[in-house]
Every structure is written in C-alpha cells, then in structure tokens.
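Listing of query10.cif, mmCIF, C-alpha atoms
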```
data_input
loop_
_atom_site.label_atom_id
_atom_site.label_comp_id
_atom_site.auth_asym_id
_atom_site.auth_seq_id
_atom_site.Cartn_x
_atom_site.Cartn_y
_atom_site.Cartn_z
CA ASP E 1053 0.56 1.54 -186.09
CA GLY E 1054 -2.88 3.05 -185.98
CA SER E 1055 -3.35 2.27 -182.28
CA THR E 1056 -0.59 4.12 -180.33
CA CYS E 1057 -0.84 7.81 -179.46
CA SER E 1058 2.32 9.91 -179.42
CA ASP E 1059 2.78 13.42 -178.11
CA VAL E 1060 2.82 16.27 -180.63
CA ASP E 1061 5.66 18.72 -179.96
CA GLU E 1062 3.85 21.97 -180.61
CA CYS E 1063 7.06 23.89 -179.94
CA ALA E 1064 8.70 22.35 -182.99
CA VAL E 1065 6.62 24.47 -185.35
CA GLY E 1066 6.85 28.24 -185.08
CA ASN E 1067 7.95 28.00 -181.44
CA GLY E 1068 4.35 27.09 -180.64
CA GLY E 1069 3.39 30.70 -181.30
CA CYS E 1070 5.21 31.75 -178.14
CA ASP E 1071 6.99 35.10 -178.05
CA ASP E 1072 9.89 33.82 -175.97
CA THR E 1073 10.16 30.29 -174.57
CA CYS E 1074 8.01 27.33 -175.58
CA THR E 1075 8.07 24.28 -173.31
CA ASN E 1076 6.53 21.08 -174.64
CA THR E 1077 4.45 19.09 -172.13
CA PRO E 1078 2.58 15.78 -172.50
CA GLY E 1079 -0.37 16.59 -174.70
CA SER E 1080 0.17 20.34 -174.54
CA PHE E 1081 2.76 23.10 -174.27
CA GLU E 1082 3.42 26.23 -172.24
CA CYS E 1083 4.72 29.66 -173.17
CA SER E 1084 6.94 31.56 -170.75
CA CYS E 1085 8.78 34.85 -170.91
CA ASP E 1086 12.20 36.24 -170.15
CA GLU E 1087 12.81 37.92 -166.80
CA GLY E 1088 11.00 41.23 -166.58
CA TYR E 1089 8.14 40.08 -168.82
CA GLU E 1090 4.97 38.05 -168.27
CA VAL E 1091 2.63 36.05 -170.50
CA ALA E 1092 -0.28 38.08 -171.83
CA SER E 1093 -3.92 37.01 -171.71
CA ASP E 1094 -3.58 35.25 -175.09
CA GLY E 1095 -1.20 32.76 -173.47
CA ARG E 1096 1.53 33.37 -176.03
CA SER E 1097 2.59 37.02 -176.16
CA CYS E 1098 5.01 38.54 -173.68
CA VAL E 1099 4.35 41.94 -172.14
CA ASP E 1100 6.60 44.06 -169.97
CA ILE E 1101 6.11 43.92 -166.20
CA ASN E 1102 5.88 47.39 -164.71
CA GLU E 1103 7.90 46.78 -161.57
CA CYS E 1104 7.31 50.40 -160.51
CA ALA E 1105 3.58 49.73 -160.12
CA VAL E 1106 4.15 47.70 -156.93
CA ASN E 1107 5.75 49.44 -153.95
CA ASN E 1108 7.51 51.85 -156.32
CA GLY E 1109 9.77 48.97 -157.37
CA GLY E 1110 11.42 49.13 -153.97
CA CYS E 1111 12.96 52.47 -154.94
CA ASP E 1112 13.34 55.14 -152.29
CA GLN E 1113 12.32 58.03 -154.55
CA VAL E 1114 12.16 57.68 -158.35
CA CYS E 1115 11.31 54.43 -160.16
CA GLU E 1116 11.53 54.37 -163.96
CA ASN E 1117 10.15 51.34 -165.79
CA THR E 1118 12.23 50.13 -168.74
CA PRO E 1119 11.67 47.23 -171.17
CA GLY E 1120 12.19 44.10 -169.09
CA ASP E 1121 13.65 45.99 -166.16
CA PHE E 1122 13.45 49.15 -164.06
CA GLU E 1123 15.81 51.74 -162.63
CA CYS E 1124 15.87 53.56 -159.31
CA SER E 1125 17.14 57.12 -159.08
CA CYS E 1126 17.03 60.02 -156.65
CA ASP E 1127 15.42 63.43 -156.88
CA ALA E 1128 17.57 66.44 -157.73
CA GLY E 1129 19.80 67.32 -154.79
CA PHE E 1130 19.75 63.78 -153.41
CA VAL E 1131 22.21 60.93 -153.86
CA PHE E 1132 22.31 57.21 -153.22
CA ALA E 1133 23.75 56.40 -149.81
CA PRO E 1134 25.64 53.10 -149.35
CA ASP E 1135 22.43 51.46 -148.08
CA GLY E 1136 20.62 52.33 -151.33
CA SER E 1137 18.43 55.04 -149.83
CA CYS E 1138 18.30 58.57 -151.24
CA GLN E 1139 19.86 61.15 -148.95
CA GLN E 1140 20.11 64.89 -149.39
CA ILE E 1141 23.47 66.37 -150.41
CA THR E 1142 24.29 68.85 -147.65
CA PHE E 1143 28.04 69.47 -147.97
CA PHE E 1144 30.49 70.10 -150.82
CA THR E 1145 33.79 71.75 -151.66
CA THR E 1146 33.78 74.45 -154.31
CA ALA E 1147 35.12 73.45 -157.71
CA ARG E 1148 37.32 76.51 -158.08
CA GLY E 1149 39.75 78.23 -155.76
CA VAL E 1150 39.30 81.89 -154.80
CA LEU E 1151 41.56 84.54 -153.31
CA ALA E 1152 40.56 86.22 -150.06
CA GLY E 1153 40.16 89.99 -150.37
CA VAL E 1154 39.78 89.83 -154.15
CA ALA E 1155 36.45 89.74 -156.01
CA PRO E 1156 34.34 87.68 -155.94
CA PHE E 1157 35.45 86.83 -152.37
CA ARG E 1158 35.78 89.80 -150.04
CA SER E 1159 33.42 88.81 -147.22
CA VAL E 1160 31.53 85.90 -145.70
CA GLY E 1161 28.48 87.05 -147.65
CA ASP E 1162 30.47 86.79 -150.89
CA ALA E 1163 31.51 83.26 -149.94
CA ASP E 1164 27.87 82.34 -149.26
CA ALA E 1165 26.97 83.61 -152.73
CA ILE E 1166 29.71 81.48 -154.30
CA CYS E 1167 28.36 78.40 -152.51
CA ALA E 1168 24.78 79.16 -153.57
CA SER E 1169 25.87 79.65 -157.18
CA GLU E 1170 27.73 76.33 -157.39
CA ALA E 1171 24.84 74.54 -155.68
CA THR E 1172 22.37 76.00 -158.17
CA ASP E 1173 24.57 75.06 -161.13
CA ALA E 1174 24.68 71.47 -159.84
CA GLY E 1175 20.90 71.33 -159.37
CA LEU E 1176 21.03 70.97 -155.60
CA VAL E 1177 17.94 71.80 -153.57
CA ALA E 1178 17.50 74.84 -151.33
CA PRO E 1179 20.25 76.94 -152.99
CA SER E 1180 19.29 80.00 -150.94
CA ARG E 1181 20.33 78.13 -147.78
CA TRP E 1182 23.85 77.23 -148.87
CA HIS E 1183 26.54 78.91 -146.81
CA ALA E 1184 30.33 78.85 -146.60
CA LEU E 1185 31.92 77.20 -143.58
CA LEU E 1186 34.04 80.13 -142.43
CA SER E 1187 34.91 81.73 -139.12
CA THR E 1188 35.48 85.43 -138.47
CA SER E 1189 37.31 87.23 -135.69
CA GLU E 1190 33.97 87.65 -133.92
CA ARG E 1191 32.39 84.22 -134.38
CA GLY E 1192 33.55 80.72 -135.11
CA ALA E 1193 31.89 78.64 -137.82
CA ARG E 1194 30.26 76.40 -135.23
CA ALA E 1195 28.46 79.34 -133.61
CA SER E 1196 27.50 80.79 -137.00
CA LEU E 1197 25.89 77.80 -138.71
CA VAL E 1198 23.00 75.53 -137.74
CA MET E 1199 23.84 71.98 -138.86
CA ASP E 1200 21.52 69.64 -136.95
CA PHE E 1201 21.32 67.06 -139.74
CA PRO E 1202 23.58 64.53 -141.52
CA LEU E 1203 26.28 66.09 -143.68
CA ARG E 1204 26.57 64.08 -146.88
CA LEU E 1205 28.65 64.54 -150.03
CA ALA E 1206 27.59 64.19 -153.66
CA ASN E 1207 29.29 60.76 -153.82
CA GLY E 1208 26.89 59.48 -151.14
CA GLN E 1209 29.48 59.31 -148.37
CA LEU E 1210 28.62 60.56 -144.90
CA LEU E 1211 30.92 63.29 -143.63
CA ALA E 1212 29.31 63.65 -140.19
CA SER E 1213 26.04 62.62 -138.56
CA ASN E 1214 25.37 66.05 -137.08
CA GLU E 1215 27.04 69.22 -135.83
CA ALA E 1216 28.60 67.57 -132.78
CA ASP E 1217 30.04 64.81 -134.92
CA LEU E 1218 31.51 67.35 -137.35
CA TRP E 1219 33.47 69.14 -134.65
CA ASP E 1220 34.83 66.15 -132.74
CA GLY E 1221 38.27 66.25 -134.36
CA SER E 1222 37.70 63.99 -137.37
CA VAL E 1223 35.24 63.34 -140.18
CA GLY E 1224 33.92 60.18 -141.79
CA THR E 1225 35.32 60.67 -145.28
CA ARG E 1226 37.52 62.97 -147.35
CA THR E 1227 35.96 66.23 -148.49
CA ASN E 1228 37.31 66.10 -152.05
CA VAL E 1229 33.89 66.23 -153.75
CA THR E 1230 32.24 69.19 -155.50
CA ALA E 1231 28.52 69.87 -155.73
CA SER E 1232 28.33 67.93 -158.99
CA GLY E 1233 30.42 65.01 -157.72
CA GLY E 1234 33.73 66.05 -159.30
CA THR E 1235 37.11 66.79 -157.74
CA PRO E 1236 37.87 70.36 -156.57
CA GLY E 1237 40.60 72.28 -158.34
CA SER E 1238 42.35 73.09 -155.06
CA HIS E 1239 43.15 70.71 -152.20
CA LEU E 1240 43.51 73.68 -149.82
CA ILE E 1241 40.35 75.08 -148.24
CA TYR E 1242 39.88 78.45 -146.53
CA THR E 1243 38.30 77.92 -143.09
CA GLY E 1244 39.76 80.27 -140.46
CA THR E 1245 38.49 77.61 -138.11
CA ALA E 1246 39.90 75.37 -135.38
CA SER E 1247 38.95 71.69 -135.18
CA ASP E 1248 36.31 72.42 -132.50
CA GLY E 1249 34.56 74.95 -134.75
CA SER E 1250 35.88 78.07 -133.03
CA THR E 1251 37.88 80.83 -134.69
CA SER E 1252 41.48 79.83 -135.30
CA ARG E 1253 43.94 82.18 -133.54
CA ARG E 1254 47.71 82.44 -133.51
CA TRP E 1255 49.23 80.88 -130.43
CA ASP E 1256 51.52 83.87 -129.79
CA THR E 1257 49.36 86.93 -130.53
CA GLY E 1258 45.81 85.60 -130.42
CA ALA E 1259 45.14 87.19 -133.80
CA ALA E 1260 42.33 85.61 -135.79
CA GLN E 1261 43.60 83.61 -138.76
CA THR E 1262 40.87 84.83 -141.11
CA CYS E 1263 42.59 87.13 -143.65
CA GLY E 1264 41.19 90.22 -141.96
CA ASP E 1265 37.77 88.58 -141.92
CA TRP E 1266 38.23 87.70 -145.60
CA THR E 1267 38.91 91.24 -146.77
CA SER E 1268 42.66 91.06 -147.29
CA THR E 1269 45.38 89.10 -149.08
CA SER E 1270 47.76 89.94 -146.25
CA GLY E 1271 48.43 87.96 -143.10
CA GLY E 1272 47.79 84.32 -142.32
CA VAL E 1273 44.81 82.04 -142.50
CA GLU E 1274 43.86 78.64 -141.14
CA ILE E 1275 43.10 76.20 -143.92
CA GLY E 1276 41.94 72.63 -144.30
CA ARG E 1277 42.87 69.91 -146.78
CA PHE E 1278 40.32 67.87 -148.71
CA ASP E 1279 42.50 64.74 -148.53
CA ARG E 1280 42.49 64.52 -144.72
CA THR E 1281 39.93 63.04 -142.35
CA ASP E 1282 41.61 63.94 -139.03
CA LEU E 1283 41.47 67.49 -137.65
CA ARG E 1284 43.45 68.68 -140.67
CA TRP E 1285 40.31 68.49 -142.81
CA VAL E 1286 39.53 71.93 -141.32
CA SER E 1287 42.59 72.99 -139.30
CA LEU E 1288 45.91 72.10 -140.95
CA TYR E 1289 48.10 74.20 -138.65
CA GLU E 1290 46.57 73.31 -135.30
CA PRO E 1291 47.76 73.52 -132.54
CA ASP E 1292 50.26 76.33 -133.19
CA ASN E 1293 47.96 77.98 -135.78
CA SER E 1294 50.85 79.58 -137.66
CA GLY E 1295 48.61 79.91 -140.71
CA ASN E 1296 48.89 79.77 -144.47
CA PRO E 1297 49.56 83.00 -146.43
CA CYS E 1298 46.34 84.75 -147.41
CA SER E 1299 47.93 85.41 -150.80
CA ASN E 1300 47.41 81.74 -151.76
CA ARG E 1301 44.20 80.73 -153.49
CA ALA E 1302 42.01 78.10 -151.86
CA ALA E 1303 38.56 76.54 -152.21
CA LEU E 1304 35.61 76.84 -149.82
CA TYR E 1305 33.52 74.36 -147.87
CA CYS E 1306 29.77 74.79 -148.41
CA VAL E 1307 26.98 73.49 -146.22
CA SER E 1308 23.19 73.58 -146.59
CA SER E 1309 22.36 75.30 -143.34
CA LEU E 1310 20.94 78.32 -141.59
CA ARG E 1311 23.35 81.17 -140.89
CA CYS E 1312 22.60 82.75 -137.55
CA PRO E 1313 22.12 86.54 -137.58
CA ALA E 1314 24.51 88.87 -135.78
CA ASN E 1315 24.33 88.74 -131.97
CA THR E 1316 23.00 85.18 -132.06
CA GLN E 1317 24.69 81.81 -132.10
CA SER E 1318 23.84 78.22 -132.96
CA VAL E 1319 22.64 76.31 -129.90
CA GLY E 1320 20.90 72.95 -130.22
CA GLY E 1321 19.89 73.56 -133.82
CA GLN E 1322 18.54 77.07 -133.16
CA CYS E 1323 19.89 80.61 -133.40
CA LEU E 1324 19.73 81.98 -129.86
CA ALA E 1325 20.83 85.30 -128.38
CA ARG E 1326 24.49 85.40 -127.44
#
```

Kindly return the structure encoded in the file as structure tokens.
Amino acid sequence: DGSTCSDVDECAVGNGGCDDTCTNTPGSFECSCDEGYEVASDGRSCVDINECAVNNGGCDQVCENTPGDFECSCDAGFVFAPDGSCQQITFFTTARGVLAGVAPFRSVGDADAICASEATDAGLVAPSRWHALLSTSERGARASLVMDFPLRLANGQLLASNEADLWDGSVGTRTNVTASGGTPGSHLIYTGTASDGSTSRRWDTGAAQTCGDWTSTSGGVEIGRFDRTDLRWVSLYEPDNSGNPCSNRAALYCVSSLRCPANTQSVGGQCLAR
C-alpha cells in the first residue's frame, strides 16, 4: 500500500547464502551450522571445529579431529578401560597352544620368548619384558614374577588390581583374550601353579606338576582354564593336584613383568635375595 513495511525473508533466496541453516529474523537473518561446525568470519560459511584443540577433546591419549566430529583412541599397547581411560595391556593368553618338552617350548625361557613374540606381533609395548606365568619345581610363579601393577586384558577388562589380588583365589574376568584381542585356540593353559602362586605339587608324592620343569611330555601338569574366574583359572586340579597329562597341548599366560633372577624372589614389587 506504499506505507506498510513487511519483513524480507532473506532465507527464501539461496538459503540466504548460508552454508547450512538460515533462520529468518525480523529485518535480518542468521546463519548457523550443524553440530561440529561453526560459522566462519564471513557470517555465512561453516568451518569444522577442531575439538582436539581444547583439552585434547577430553581424550585420555590420542585425539583425531574428523569433519564435524572427533575420535579418541589409545596408544599402541593400551586399551580403553570401562571408564573410558586408556590403560596398558599387561596380561594375555597366547593364541596358539604348545606342547611341553617339544620345540619351541622346552623351558621357561622358551615360554618367555613365545610371549614376547606374540606381544610384538600385536604391537604391545615393552615386548622384552613379557614373561610366561609358569612355576618350576624350584620356584612358584608368584616368587618368580614382579607384578605390582593392574593386570588388564586387550578387551579392557581388569583381571586383577595387583599381585596380591591375582593370587587371592579368583580373578575379575575370564582370561580368554589374546594379545590382539582375539580368542585363544586352546582353553587349557599350562601353569604348573597353585591358586596362591606357589608350585603345584601332587598331594601324594609332592612331585612338582610342571612337566619336568617344561622339558618333558611325560608326567602330569597343573593347568588353568580361560573360561573360569575362580581358582580354576590357574589351578584346575586343586586341591588334589592330580594333574593333566603333559602330552596334551595347551596355551600360555603372558604378563608384562620383571622376572626375578635365580636365588631371588619377588617381594613387595622387588627381586630380593631368597
């Protein structure tokens, strides 16, 4: 009518020049962007927000910016724990079974090498410090290995908070996880170890159940099962310790730890003279 002013909807033509959302307002308009983007200095374009630039995106270790989003990840050898933090993988079960007394497993040292090899293949940290959880006739696994740290699997689950927790007769989760997060080929695990971490011995003869300290396919051996969380995770035949035949293949437990030299034992996280 030549005297009344009406609002122009700038958004009706070319989306107002906005990259994403144009909102008409009385006498003007506003551009806004989808989540993960922000309006550029020209007031119309949308640019990605680098969430990693502020407090590392809230990530514990690695933050990777992506278009409109970001992703948290963990360094090699670490895994997300249930609380979202990155925790070091310190325990796994070998992917393949071995036979005691037959190459490549004819000693504790051989078993350590198998653990280190699988850890390296999976990209775990500190491969030179990976050792097999095995007892011998002279020393139990608890006296042989320093484990004063949380024991965590590649699926993020906590097996035990520390050495004392590991040897209290039960563990926090099943041990059916390899270094790469898969399922072991054998559910039976060579240990030669009682639930308290000492050497497993036959109830009648006192003989160590360790396949002749891992040199022979003859005799009996204490084993664990990866599908158990009670004492049978490490000592299936306790308390009579009758043993499994050494002629049966089994996997190994591996832990990122320090192996105490001969004539020493693990005490309070240190290798002290026996």

### Pick from E:Gln1322, E:Thr1188, E:Thr1227, E:Thr1243, whichever lies nearest to E:Phe1278 using all atoms listed in the file
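Among the listed residues, E:Thr1227 lies closest to E:Phe1278.
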
### Cut-off 9 Å around (-3.1, 30.5, -178.3) with only C-alpha atoms: residues as a list in words
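Applying the cut-off with only C-alpha atoms, one gets Gly1068, Gly1069, Cys1070, Asp1094, Gly1095, Arg1096 and Ser1097 of chain E.
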
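Among E:Glu1062, E:Asp1121, E:Asp1164, E:Glu1170, the residue with the shortest atom-to-atom distance to E:Glu1090, counting all atoms listed in the file, is E:Asp1121.
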
### Message
Which residue is closest to E:Ser1196? Choose from E:Trp1285, E:Leu1310, E:Ser1080, E:Leu1176 and count all atoms listed in the file.
### Response
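Nearest to E:Ser1196: E:Leu1310.
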
### Task
Given the file shown, enumerate the residues that the PyMOL selection byres ((chain E and resi 1221) around 8) captures and present them as a PyMOL selection string.
chain E and resi 1218-1220+1222-1223+1247-1248+1282-1283
